[in-house]
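S.K.: Just dropping this structure here.
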Amino acid sequence: ASRPSMCFEDGNIALLSGSSYFLVHRGVLSRQSACLAKLVKGVSTNNRILDGHPVLELEEHADDVSLLLHTIYDGTYVCSLSKSLRLRVK
């Protein structure tokens, strides 16, 4: 199921976390984090496709990914991220 608050019509990559996904922008993620830049660079259209977008599958809980994305996009600092958030790829 999509997370509407972090699904953009012009998004160009889907972040999949469990059964939730987020349609976001490679450029925004890459600009904000060298770690995310590496991860999204490795995703191609040869990978899994979701809603017409290449997919980056993450092991983190969807709520943690949502908080991270809201921090990146909205500039809000959220102190409730899990201590285990390490952006691990499946």
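Letters A, B, ... mark the chains of the structure tokens in the order given; residue numbers begin at 1 per chain; ligand numbers begin at 1, in order shown.
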Determine, counting only C-alpha atoms, which protein, DNA and RNA residues have an atom within 8 Å of an atom of stretch 3-18 of chain A; residues of the same chain fewer than 5 positions away are not included. Present the result as a list in words.
M.R.: Leu23, Val24, His25, Arg26, Leu50, His53, Pro54, Val55, Leu56, Glu57, Leu58, Glu59, Glu60, His61, Ala62, Val65, Ser66, Leu69 and His70 of chain A
S.K.: Can you list, as a VMD selection string, all residues belonging to chain A that DSSP tags as alpha helix (DSSP H)?
M.R.: chain A and resid 26 to 32 34 to 41 62 to 74
S.K.: Expressed in Å to a single decimal, how great is the separation between atom CA of A:Ser33 and atom CA of A:Ala1?
M.R.: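 Computing the Euclidean distance for atom CA of A:Ser33 and atom CA of A:Ala1 yields 25.5 Å.
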S.K.: Distance atom CA of A:Ser2-atom CA of A:Tyr73, one decimal place?
M.R.: 17.0 Å
S.K.: Would you give me, as a count of residues only, the residues in chain A that DSSP reads as strand (DSSP E or B)?
M.R.: 20
S.K.: Measure the distance from atom CA of A:Leu29 to atom CA of A:Ile72 in Å and round it to one decimal.
M.R.: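 Going from atom CA of A:Leu29 over to atom CA of A:Ile72, I get 7.6 Å.
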